[in-house]
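Novice: See model.cif below, with mmCIF, C-alpha atoms and all ligand atoms.
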data_run
#
loop_
_atom_site.label_atom_id
_atom_site.label_comp_id
_atom_site.auth_asym_id
_atom_site.auth_seq_id
_atom_site.Cartn_x
_atom_site.Cartn_y
_atom_site.Cartn_z
CA MET U 1 31.21 64.55 14.68
CA LYS U 2 33.81 63.29 12.22
CA ARG U 3 34.23 65.64 9.25
CA PHE U 4 34.43 62.95 6.54
CA ASN U 5 31.89 60.37 7.75
CA ASP U 6 30.86 58.17 4.80
CA LYS U 7 32.77 60.31 2.30
CA VAL U 8 34.77 58.55 -0.39
CA ALA U 9 38.25 60.08 -0.60
CA LEU U 10 40.94 59.39 -3.18
CA VAL U 11 44.55 60.25 -2.37
CA LEU U 12 46.90 60.04 -5.33
CA GLY U 13 50.40 59.63 -3.93
CA GLY U 14 48.77 58.44 -0.72
CA SER U 15 51.39 55.79 0.01
CA SER U 16 54.03 58.16 1.37
CA GLY U 17 54.87 61.59 2.75
CA ILE U 18 52.23 64.32 2.68
CA GLY U 19 49.69 62.14 0.83
CA GLY U 20 50.24 59.28 3.27
CA ALA U 21 49.73 61.50 6.31
CA THR U 22 46.61 63.02 4.71
CA ALA U 23 45.17 59.57 3.97
CA GLU U 24 45.64 58.66 7.64
CA ILE U 25 43.82 61.75 8.94
CA LEU U 26 41.00 61.43 6.39
CA ALA U 27 40.45 57.85 7.56
CA GLN U 28 40.54 58.90 11.23
CA GLU U 29 37.88 61.46 10.35
CA GLY U 30 35.60 58.78 8.91
CA ALA U 31 36.41 58.72 5.18
CA LYS U 32 36.62 55.60 3.07
CA VAL U 33 40.09 56.19 1.65
CA ILE U 34 41.46 54.93 -1.64
CA ILE U 35 45.24 55.19 -1.77
CA ALA U 36 46.74 55.22 -5.24
CA ALA U 37 50.40 55.19 -6.25
CA ARG U 38 52.81 53.01 -8.22
CA ASN U 39 54.57 50.95 -5.56
CA GLU U 40 52.10 48.23 -4.54
CA ILE U 41 54.05 47.06 -1.50
CA ARG U 42 54.34 50.51 0.05
CA GLY U 43 50.75 51.41 -0.86
CA GLY U 44 49.40 48.11 0.48
CA GLU U 45 51.26 48.64 3.75
CA LYS U 46 49.83 52.13 4.17
CA ALA U 47 46.29 50.80 3.63
CA LYS U 48 46.93 47.99 6.17
CA GLU U 49 48.25 50.51 8.73
CA ILE U 50 45.07 52.56 8.38
CA ILE U 51 42.82 49.51 8.64
CA SER U 52 44.67 48.24 11.73
CA SER U 53 44.03 51.63 13.39
CA GLY U 54 40.29 51.21 12.79
CA GLY U 55 40.00 53.18 9.53
CA LYS U 56 38.65 52.24 6.11
CA ALA U 57 41.21 52.10 3.30
CA CYS U 58 42.30 50.21 0.24
CA PHE U 59 45.18 50.50 -2.19
CA PHE U 60 44.85 50.56 -5.97
CA PRO U 61 47.94 50.79 -8.19
CA CYS U 62 48.06 53.82 -10.45
CA ASP U 63 50.71 55.63 -12.44
CA VAL U 64 49.52 59.17 -13.19
CA ALA U 65 52.01 59.30 -16.09
CA ASP U 66 49.88 56.68 -17.86
CA SER U 67 46.35 57.69 -18.87
CA LYS U 68 45.16 54.05 -19.11
CA SER U 69 46.26 53.48 -15.54
CA VAL U 70 44.29 56.55 -14.39
CA ILE U 71 41.19 55.33 -16.24
CA LYS U 72 41.53 51.91 -14.57
CA LEU U 73 41.53 53.63 -11.20
CA GLN U 74 38.44 55.60 -12.16
CA THR U 75 36.64 52.40 -13.26
CA PHE U 76 37.59 50.71 -9.99
CA ILE U 77 36.20 53.58 -7.90
CA ARG U 78 32.98 53.77 -9.96
CA GLU U 79 32.43 50.03 -9.59
CA GLN U 80 33.43 49.64 -5.94
CA TYR U 81 32.30 52.93 -4.40
CA CYS U 82 29.83 54.41 -6.96
CA CYS U 83 30.89 57.98 -6.10
CA LEU U 84 33.82 60.21 -5.20
CA ASP U 85 33.56 63.14 -2.76
CA VAL U 86 37.14 64.16 -2.06
CA LEU U 87 40.29 64.08 -4.19
CA PHE U 88 43.78 64.97 -3.01
CA ASN U 89 46.30 64.87 -5.82
CA SER U 90 49.65 64.54 -4.08
CA ALA U 91 51.53 62.42 -6.63
CA GLY U 92 54.75 64.15 -7.54
CA ILE U 93 58.45 63.72 -8.26
CA LEU U 94 61.49 65.94 -7.93
CA LEU U 95 64.38 65.97 -10.39
CA THR U 96 66.91 68.78 -10.47
CA GLY U 97 69.92 69.76 -12.55
CA ASN U 98 71.99 72.62 -13.87
CA LEU U 99 71.05 73.94 -17.32
CA ASP U 100 73.83 72.05 -19.09
CA GLU U 101 72.73 68.81 -17.42
CA LEU U 102 69.04 69.03 -18.33
CA THR U 103 67.80 66.39 -20.75
CA GLU U 104 64.50 66.38 -22.59
CA ASP U 105 63.78 62.91 -21.19
CA GLU U 106 64.13 64.12 -17.59
CA TRP U 107 62.14 67.26 -18.32
CA ASP U 108 59.34 65.16 -19.81
CA LYS U 109 59.45 62.73 -16.89
CA VAL U 110 58.84 65.52 -14.36
CA TYR U 111 56.05 67.09 -16.43
CA GLU U 112 54.39 63.72 -17.13
CA VAL U 113 53.82 63.31 -13.38
CA ASN U 114 53.63 66.78 -11.85
CA THR U 115 51.71 68.58 -14.59
CA LYS U 116 50.19 66.22 -17.15
CA GLY U 117 49.49 63.70 -14.39
CA MET U 118 47.38 66.33 -12.65
CA MET U 119 45.50 66.95 -15.91
CA ARG U 120 44.85 63.20 -16.41
CA VAL U 121 43.54 62.87 -12.87
CA ALA U 122 41.34 65.96 -13.16
CA LYS U 123 39.87 64.78 -16.48
CA ALA U 124 39.14 61.32 -15.15
CA PHE U 125 37.58 62.35 -11.84
CA MET U 126 35.97 65.76 -12.36
CA PRO U 127 32.68 64.22 -13.60
CA MET U 128 32.43 62.18 -10.39
CA LEU U 129 33.23 65.22 -8.25
CA GLU U 130 30.58 67.20 -10.12
CA GLU U 131 28.01 64.50 -9.36
CA SER U 132 28.81 64.64 -5.63
CA CYS U 133 29.52 68.41 -5.46
CA GLY U 134 32.88 67.39 -4.09
CA THR U 135 36.28 68.97 -3.70
CA MET U 136 39.73 68.66 -5.28
CA LEU U 137 43.03 69.77 -3.82
CA ASN U 138 46.18 69.74 -5.91
CA ASN U 139 49.48 69.50 -4.09
CA CYS U 140 51.64 72.06 -5.88
CA SER U 141 54.61 73.65 -4.10
CA ILE U 142 55.93 76.94 -2.80
CA ASN U 143 58.62 76.32 -5.42
CA GLY U 144 55.94 76.95 -8.05
CA ILE U 145 55.73 80.55 -6.78
CA HIS U 146 59.07 81.27 -5.16
CA SER U 147 62.67 80.55 -6.16
CA TYR U 148 64.95 79.48 -3.33
CA ILE U 149 68.10 81.54 -3.24
CA LYS U 150 69.89 78.37 -2.13
CA GLY U 151 68.29 76.01 -4.65
CA LYS U 152 69.42 76.97 -8.13
CA ARG U 153 68.82 73.68 -9.96
CA SER U 154 65.02 73.46 -9.78
CA TYR U 155 64.25 74.32 -13.42
CA MET U 156 62.09 71.26 -14.06
CA TYR U 157 60.34 70.90 -10.71
CA ALA U 158 59.63 74.62 -10.13
CA THR U 159 58.22 75.19 -13.61
CA SER U 160 56.12 72.01 -13.48
CA LYS U 161 54.61 73.25 -10.21
CA SER U 162 53.97 76.79 -11.55
CA ALA U 163 52.02 75.16 -14.37
CA ALA U 164 50.16 73.00 -11.85
CA ILE U 165 49.10 76.12 -9.92
CA GLN U 166 47.73 77.82 -13.02
CA PHE U 167 46.04 74.59 -14.13
CA THR U 168 44.36 74.40 -10.71
CA ARG U 169 43.11 77.99 -10.96
CA TYR U 170 41.50 77.21 -14.33
CA LEU U 171 39.83 74.12 -12.91
CA ALA U 172 38.46 76.24 -10.07
CA LYS U 173 37.05 78.81 -12.51
CA ASN U 174 35.38 76.21 -14.66
CA TYR U 175 33.93 73.91 -12.03
CA ALA U 176 32.77 76.27 -9.27
CA PRO U 177 30.33 76.33 -7.62
CA LYS U 178 29.80 72.58 -7.98
CA VAL U 179 33.35 71.53 -7.22
CA ARG U 180 35.70 73.41 -4.92
CA VAL U 181 39.21 73.26 -6.37
CA ASN U 182 42.29 74.64 -4.60
CA ALA U 183 46.07 74.46 -4.74
CA LEU U 184 48.24 73.70 -1.73
CA CYS U 185 51.79 75.06 -1.68
CA PRO U 186 53.87 73.48 1.05
CA GLY U 187 57.37 74.61 1.89
CA ILE U 188 60.17 72.14 2.51
CA THR U 189 58.74 69.04 4.19
CA VAL U 190 60.70 66.03 5.36
CA THR U 191 59.58 63.20 3.06
CA ASN U 192 60.94 60.63 0.62
CA LEU U 193 60.86 63.31 -2.10
CA PHE U 194 64.32 64.32 -0.94
CA THR U 195 65.75 60.84 -0.45
CA ASN U 196 69.54 61.01 -0.52
CA ARG U 197 69.55 64.80 -0.53
CA ASP U 198 71.21 67.01 2.01
CA PHE U 199 68.55 68.92 3.93
CA SER U 200 70.89 71.06 5.96
CA ARG U 201 70.91 74.07 3.61
CA PHE U 202 67.14 74.34 4.05
CA GLN U 203 67.27 74.53 7.85
CA ASN U 204 67.24 78.32 8.02
CA VAL U 205 65.17 79.28 4.99
CA ASN U 206 62.02 80.18 6.91
CA LEU U 207 60.80 81.98 10.01
CA LEU U 208 60.54 78.76 12.01
CA ASN U 209 64.12 77.61 11.28
CA ARG U 210 62.98 74.08 10.55
CA MET U 211 61.28 72.00 7.90
CA ALA U 212 57.67 70.83 8.08
CA THR U 213 56.59 67.34 9.04
CA PRO U 214 54.21 65.60 6.62
CA GLU U 215 51.57 65.66 9.36
CA GLU U 216 51.71 69.48 9.63
CA ILE U 217 51.02 69.83 5.92
CA ALA U 218 48.41 67.05 5.98
CA LYS U 219 46.40 68.97 8.60
CA VAL U 220 46.20 71.94 6.23
CA ALA U 221 45.22 69.63 3.35
CA VAL U 222 42.47 68.01 5.42
CA PHE U 223 41.10 71.43 6.41
CA LEU U 224 40.98 72.48 2.75
CA LEU U 225 39.26 69.24 1.77
CA SER U 226 36.69 69.58 4.55
CA ASP U 227 33.48 71.61 4.73
CA ASP U 228 35.30 73.88 7.21
CA ALA U 229 36.87 75.40 4.07
CA SER U 230 33.52 75.76 2.29
CA PHE U 231 34.28 79.36 1.19
CA VAL U 232 37.82 78.59 0.01
CA VAL U 233 37.85 78.08 -3.75
CA GLY U 234 40.41 78.88 -6.45
CA SER U 235 42.92 79.67 -3.73
CA VAL U 236 46.61 78.98 -3.62
CA ILE U 237 47.26 78.20 0.02
CA VAL U 238 50.79 78.51 1.28
CA ALA U 239 52.08 76.52 4.26
CA ASP U 240 55.79 77.29 4.22
CA GLY U 241 56.84 78.30 7.72
CA GLY U 242 57.03 81.91 6.58
CA GLU U 243 59.66 81.16 3.96
CA THR U 244 58.25 83.54 1.37
CA ILE U 245 58.37 86.56 3.66
CA ALA U 246 61.61 85.58 5.41
N1 LIG Q 301 58.38 67.37 0.48
C1 LIG Q 301 58.34 68.68 0.16
O1 LIG Q 301 59.17 69.49 0.62
C2 LIG Q 301 57.26 69.21 -0.74
C3 LIG Q 301 57.09 70.60 -0.80
C4 LIG Q 301 56.11 71.10 -1.65
C5 LIG Q 301 55.34 70.25 -2.40
N2 LIG Q 301 55.53 68.90 -2.32
C6 LIG Q 301 54.69 68.06 -3.15
O2 LIG Q 301 53.98 67.16 -2.33
C7 LIG Q 301 53.63 66.01 -3.11
C8 LIG Q 301 53.95 64.78 -2.29
O3 LIG Q 301 55.35 64.69 -2.13
P1 LIG Q 301 56.02 64.18 -0.78
O4 LIG Q 301 56.95 65.23 -0.34
O5 LIG Q 301 54.99 63.67 0.14
O6 LIG Q 301 56.96 63.01 -1.36
P2 LIG Q 301 56.86 61.44 -1.34
O7 LIG Q 301 56.89 60.95 0.07
O8 LIG Q 301 57.93 60.99 -2.27
O9 LIG Q 301 55.43 61.12 -1.95
C9 LIG Q 301 55.19 61.13 -3.33
C10 LIG Q 301 54.00 60.23 -3.61
O10 LIG Q 301 53.70 60.32 -5.00
C11 LIG Q 301 53.63 59.01 -5.54
N3 LIG Q 301 53.99 59.07 -6.94
C12 LIG Q 301 55.14 59.50 -7.50
N4 LIG Q 301 55.08 59.36 -8.83
C13 LIG Q 301 53.86 58.85 -9.13
C14 LIG Q 301 53.20 58.47 -10.31
N5 LIG Q 301 53.81 58.57 -11.51
N6 LIG Q 301 51.94 58.00 -10.25
C15 LIG Q 301 51.31 57.88 -9.05
N7 LIG Q 301 51.90 58.21 -7.88
C16 LIG Q 301 53.15 58.68 -7.92
C17 LIG Q 301 54.61 58.20 -4.69
O11 LIG Q 301 54.35 56.79 -4.71
P3 LIG Q 301 55.03 55.81 -5.79
O12 LIG Q 301 56.48 56.18 -5.87
O13 LIG Q 301 54.77 54.44 -5.26
O14 LIG Q 301 54.30 56.03 -7.05
C18 LIG Q 301 54.29 58.77 -3.31
O15 LIG Q 301 53.13 58.17 -2.79
C19 LIG Q 301 54.41 66.11 -4.41
O16 LIG Q 301 53.57 66.55 -5.43
C20 LIG Q 301 55.46 67.15 -4.10
O17 LIG Q 301 55.89 67.82 -5.24
C21 LIG Q 301 56.46 68.36 -1.50
#
With the file now loaded, output its structure as structure tokens.

Specialist:
Amino acid sequence: MKRFNDKVALVLGGSSGIGGATAEILAQEGAKVIIAARNEIRGGEKAKEIISSGGKACFFPCDVADSKSVIKLQTFIREQYCCLDVLFNSAGILLTGNLDELTEDEWDKVYEVNTKGMMRVAKAFMPMLEESCGTMLNNCSINGIHSYIKGKRSYMYATSKSAAIQFTRYLAKNYAPKVRVNALCPGITVTNLFTNRDFSRFQNVNLLNRMATPEEIAKVAVFLLSDDASFVVGSVIVADGGETIA
């Protein structure tokens, strides 16, 4: 039995990386997947890949930094699917800098996506999740809990993710038992988030001496979104290769 048969699943940031891998597994498990992100070419290709493997998927453009864009996505899902059962919010960006390099514009840019974007998405879709007694998983980060000894420039990203974790806990408090809300905190995962960055200093930061693949994190996300995790609510789930005890 497929775990998501006939479920409608929205993956924000589903065109790439952890969100992309999660969208693929959700579709393999029977969900009708809506992929949302900004880049229409990349998102369209991901939807086509899923469809050509026998899954159900579509792409809808959405910028979580723009509330009108989020509302358009909500209207599309209401009109085309009538309901929403599963939401994975994996849209996120990484900008780093030393204190003297930080600008308010960059700070705002990170928060608009990683923190306020999460709020916009939650506001737009919580009523639909309440109607379906669905589930929401917010992709936060181990960096929202833990400060890498080797990564000293993560002021904006780390703090935006700490806020996202607390925001998620408050959603869980307010919407349980109807909606199960959780936070996922992956460790370093090889994705486009780090395009043009040197990964080598992260090779030995955890107990497994390697970084995660997007698929490894996606499997955890899919578990948390499934009924197999029916007693998991308001939790901050770490999948970091043992980095925080290493
Ligand atoms: N990779 C890691 O080591 C790691 C570790 C912990 C947590 N995370 C978190 O995991 C999430 C996914 O990141 P990833 O590593 O999979 O990186 P990724 O491959 O770059 O994926 C990011 C996704 O977010 C979308 N996105 C970015 N800005 C957006 C916006 N304003 N509106 C809508 N969609 C937007 C991107 O598509 P478009 O650019 O087309 O919009 C893309 O689909 C992020 O929240 C990240 O912080 C990653």

Novice: Check every protein, DNA and RNA residue against ligand LIG 301 (chain Q), keep those with an atom at most 7 Å away (counting all atoms listed in the file), and present them as a PyMOL selection string.

Specialist: chain U and resi 12-20+36-40+42-43+62-65+90-94+113-114+139-143+185-194+214

Novice: Just the number, please: distance in Å from atom CA of Ala172 of chain U to atom CA of Ser235 of chain U, one decimal.

Specialist: 8.5 Å

Novice: Write out as a list of chain:residue names each polymer residue whose atoms come within 10 Å of Ala124 of chain U, counting all atoms listed in the file; drop sequence neighbours fewer than 5 positions from it.

Specialist: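 What passes the distance filter is U:Ser67, U:Val70, U:Ile71, U:Lys72, U:Leu73, U:Gln74, U:Thr75, U:Met118, U:Met119, U:Leu129.
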
Novice: Might you pull out every residue within 12 Å of Asp108 of chain U, with all atoms listed in the file counted and same-chain residues fewer than 5 positions away left off, and present them as a ChimeraX atom specification?

Specialist: /U:65,93,95,102-103,113-117,156-157,159-160

Novice: So how far away is atom CA of Thr96 of chain U from atom CA of Tyr155 of chain U, in Å?

Specialist: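 We find that atom CA of Tyr155 of chain U and atom CA of Thr96 of chain U lie 6.8 Å from each other.
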
Novice: May I ask for the distance between atom CA of Thr168 of chain U and atom CA of Asn138 of chain U, given in Å to one decimal place?

Specialist: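 If I compute the distance from atom CA of Thr168 of chain U to atom CA of Asn138 of chain U, I get 6.9 Å.
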
Novice: Nearest to Met128 of chain U among U:Val86, U:Ala221, U:Val181, U:Met1, with distances taken over only C-alpha atoms: which residue is it?

Specialist: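 Checking each of U:Val86, U:Ala221, U:Val181, U:Met1 against Met128 of chain U, counting only C-alpha atoms, the winner is U:Val86.
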
Novice: Have a look at U:Leu171, U:Val33, U:Ile77, U:Leu84 and name the one nearest to Ser132 of chain U; count all atoms listed in the file.

Specialist: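 Looking only at the distances to Ser132 of chain U, the closest residue turns out to be U:Leu84.
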